[in-house]
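Please read the structure below before turning to the comments.
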Amino acid sequence: MRTFDYVRAVDTQEVVRLLADDPAASCLAGGTTQLDLMKDGVLEPPRLIDITRLPLHGIERRGESLHVGALVTMEELAADATVAERLPVVREALLLGASVQLRNMATIGGNLLQRTRCRYFRDPTVQACNKRAPDSGCAAVEGVARMHAVLGASERCIALHASDLAVALVALDALVHVQGVSERRTVPLTEFYLTADESPRRENVLEHAELITEVEIPLPPAAARSGYLKVRDRASYEFALASAAVLLLLDGGTIRRARVGLGGVGTKPWRAYEAEHVLTGAPATTATFTDAAEATMRDAFTVPGTAFKVPLARRTLVRELQTVSGVTA
Ligand SMILES: Cc1cc2nc3c(=O)[nH]c(=O)nc-3n(C[C@H](O)[C@H](O)[C@H](O)COP(=O)(O)OP(=O)(O)OC[C@H]3O[C@@H](n4cnc5c(N)ncnc54)[C@H](O)[C@@H]3O)c2cc1C
Ligand code: SF4
């Protein structure tokens, strides 16, 4: 049995000070990722700082933005009236994730910071894992890689980022509010994550002594349509093989604005700028949607276990563009 200190903090400044004092300490929110990794022996923090008593539980609409406290649960956010009315893509991404029991514990901050499900990362007996042990290699590249990434991947690491919510939020240009020891900062979610190719070990720009306090979601125009499609091995309680978050603003048969996020394929929640470029100003037709999907997957890095994901992701995106636009021809 491994022992560790447990501290229950009550304010944000206390948490960042505790983190600054101990480079190996870690936060505990809903615990659905953190405790799993500790039980598996992947993480061994000497001190756990329980942040669940911090005043970060609110959801508030301010003008045309929704401000979501980092400790709001997935289930609470999915039930919010503004989310139901203006952000169907967020609601669908949340409700297609995990199980209701997990969603009642799991927080929004923790969801964005969840670690990869790569089985080699989660098994400390595996030696070759650049994410756990820098420069040790990557067991997944020649291993079982069905649940791995093709975008932002390389021979160094093909670990998938598994959050569904983050895929919807990158498409919506959400912002992450962060509290550090002496300053606060706001980071666009599109700039928050690093690809595994850039840095297998470090997955995002959060410093050790920084806390996510809030996520800010700009509300799209009322006329915009959005949705989330998740393709997985079974109908519930399973991570995505491929997913697409789509937001479209149509003017007759022309696409005026397009925002696209892809999941199940990226080492970070993937904003598909190439697809948006093809879609914007183009007629809403299946031919346009197919061109957009082709453009997005052009630079995919595949290994034998992940090659199927390229056509799967293309079809997933085309299908969701058809559903959101109401255009099948
Ligand atoms: C069986 C299973 C199935 C799942 N299926 C899905 C799925 O289909 N889709 C999906 O998206 N997710 C899925 N998940 C992941 C789940 O959504 C996450 O585990 C959960 O959202 C993490 O939130 P938490 O509050 O429990 O985080 P914790 O486990 O408490 O923390 C996770 C990490 O974030 C850090 N952290 C937490 N909050 C903050 C903060 N505010 N500031 C700084 N650091 C913080 C912690 O230190 C830790 O490193 C699944 C999980 C399990 C166990
Ligand atoms: S894919 Fe990344 S996390 Fe998985 S074994 Fe390879 S280096 Fe480690």
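Note on naming: chains are A, B, ... as they come in the structure tokens, residues start from 1 per chain, ligands start from 1 in the order shown.
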
I'd like the neighbourhood of Val215 of chain A as a list in words, where a residue qualifies if any of its atoms comes within 8 Å (using only C-alpha atoms), though same-chain residues fewer than 4 positions away should be ignored. His67, Val68, Gly69, Ala70, Gly109, Ala174, Leu175, Val176 and His177 of chain A

Residues near Arg259 of chain A, anyone? I mean within 7 Å using only C-alpha atoms, not counting same-chain ones fewer than 6 positions away, as a list in words. Ala171, Val246, Leu247, Leu248 and Glu276 of chain A

Write as a PyMOL selection string the residues around ligand 1, taking 8 Å as the cut-off and counting only C-alpha atoms and all ligand atoms. chain A and resi 26-36+51+70-71+73-74+93-94+96-99+102-103+105-115+162-166+178+206+210-214+237-240

Nearby residues, ligand 2, 8 Å, only C-alpha atoms and all ligand atoms, as a ChimeraX atom specification: /A:116,118-122,128-132,137-141,148,156-160,196,200

Residues near Thr302 of chain A, cut-off 9 Å, only C-alpha atoms, skip fewer than 2 positions along chain, as a PyMOL selection string: chain A and resi 149-151+153-154+158+300+304-310

Name the residues in contact with Thr195 of chain A at a cut-off of 6 Å, using only C-alpha atoms, excluding same-chain residues fewer than 5 positions from it; report them as a list in words.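 So, after excluding close chain neighbours, the residues are Gly152, Thr267 and Lys268 of chain A.
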
Here is a test: counting only C-alpha atoms, which residue of A:Lys39, A:Arg271, A:Arg47, A:Arg225 is nearest to Leu19 of chain A? A:Arg47

Polymer residues at most 10 Å from Val327 of chain A, only C-alpha atoms, same-chain spacing of 6 or more positions, as an mmCIF file with all heavy atoms, in the first residue's frame:
data_model
loop_
_atom_site.group_PDB
_atom_site.id
_atom_site.type_symbol
_atom_site.label_atom_id
_atom_site.label_comp_id
_atom_site.auth_asym_id
_atom_site.auth_seq_id
_atom_site.Cartn_x
_atom_site.Cartn_y
_atom_site.Cartn_z
ATOM 1 N N GLY A 253 -28.908 28.131 -49.346
ATOM 2 C CA GLY A 253 -28.129 26.908 -49.561
ATOM 3 C C GLY A 253 -26.634 27.106 -49.403
ATOM 4 O O GLY A 253 -25.840 26.229 -49.729
ATOM 5 N N ALA A 284 -24.065 24.104 -49.561
ATOM 6 C CA ALA A 284 -24.236 22.987 -48.614
ATOM 7 C C ALA A 284 -24.685 21.753 -49.387
ATOM 8 O O ALA A 284 -25.880 21.514 -49.564
ATOM 9 C CB ALA A 284 -25.247 23.360 -47.545
ATOM 10 N N THR A 285 -23.714 20.986 -49.870
ATOM 11 C CA THR A 285 -24.020 19.751 -50.610
ATOM 12 C C THR A 285 -23.111 18.636 -50.095
ATOM 13 O O THR A 285 -22.060 18.907 -49.501
ATOM 14 C CB THR A 285 -23.735 19.919 -52.119
ATOM 15 O OG1 THR A 285 -22.335 20.192 -52.275
ATOM 16 C CG2 THR A 285 -24.546 21.046 -52.729
ATOM 17 N N THR A 286 -23.480 17.423 -50.387
ATOM 18 C CA THR A 286 -22.646 16.294 -49.961
ATOM 19 C C THR A 286 -21.277 16.354 -50.628
ATOM 20 O O THR A 286 -20.268 15.962 -50.029
ATOM 21 C CB THR A 286 -23.371 14.969 -50.258
ATOM 22 O OG1 THR A 286 -24.566 14.955 -49.455
ATOM 23 C CG2 THR A 286 -22.532 13.752 -49.890
ATOM 24 N N PHE A 289 -19.232 18.608 -48.511
ATOM 25 C CA PHE A 289 -18.919 17.952 -47.231
ATOM 26 C C PHE A 289 -17.802 16.916 -47.421
ATOM 27 O O PHE A 289 -16.901 16.780 -46.594
ATOM 28 C CB PHE A 289 -20.165 17.267 -46.651
ATOM 29 C CG PHE A 289 -21.344 18.191 -46.431
ATOM 30 C CD1 PHE A 289 -22.637 17.695 -46.358
ATOM 31 C CD2 PHE A 289 -21.159 19.568 -46.311
ATOM 32 C CE1 PHE A 289 -23.722 18.538 -46.151
ATOM 33 C CE2 PHE A 289 -22.247 20.425 -46.114
ATOM 34 C CZ PHE A 289 -23.531 19.902 -46.042
ATOM 35 N N ARG A 319 -21.373 12.601 -42.472
ATOM 36 C CA ARG A 319 -22.700 12.282 -41.923
ATOM 37 C C ARG A 319 -23.195 13.399 -40.993
ATOM 38 O O ARG A 319 -24.359 13.808 -41.072
ATOM 39 C CB ARG A 319 -22.629 10.941 -41.177
ATOM 40 C CG ARG A 319 -23.884 10.586 -40.379
ATOM 41 C CD ARG A 319 -25.069 10.223 -41.248
ATOM 42 N NE ARG A 319 -24.791 9.024 -41.996
ATOM 43 C CZ ARG A 319 -24.979 7.775 -41.542
ATOM 44 N NH1 ARG A 319 -25.477 7.594 -40.351
ATOM 45 N NH2 ARG A 319 -24.689 6.726 -42.295
ATOM 46 N N LEU A 321 -22.257 16.571 -40.954
ATOM 47 C CA LEU A 321 -22.540 17.781 -41.741
ATOM 48 C C LEU A 321 -23.906 17.649 -42.420
ATOM 49 O O LEU A 321 -24.686 18.606 -42.470
ATOM 50 C CB LEU A 321 -21.433 17.998 -42.785
ATOM 51 C CG LEU A 321 -20.102 18.519 -42.216
ATOM 52 C CD1 LEU A 321 -18.964 18.347 -43.222
ATOM 53 C CD2 LEU A 321 -20.218 19.994 -41.816
#

Which of segment 196-277 of chain A counts as strand (DSSP E) under DSSP, as an MDAnalysis selection string please? chainID A and resid 211:218 225:231 242:251 254:263 270:271
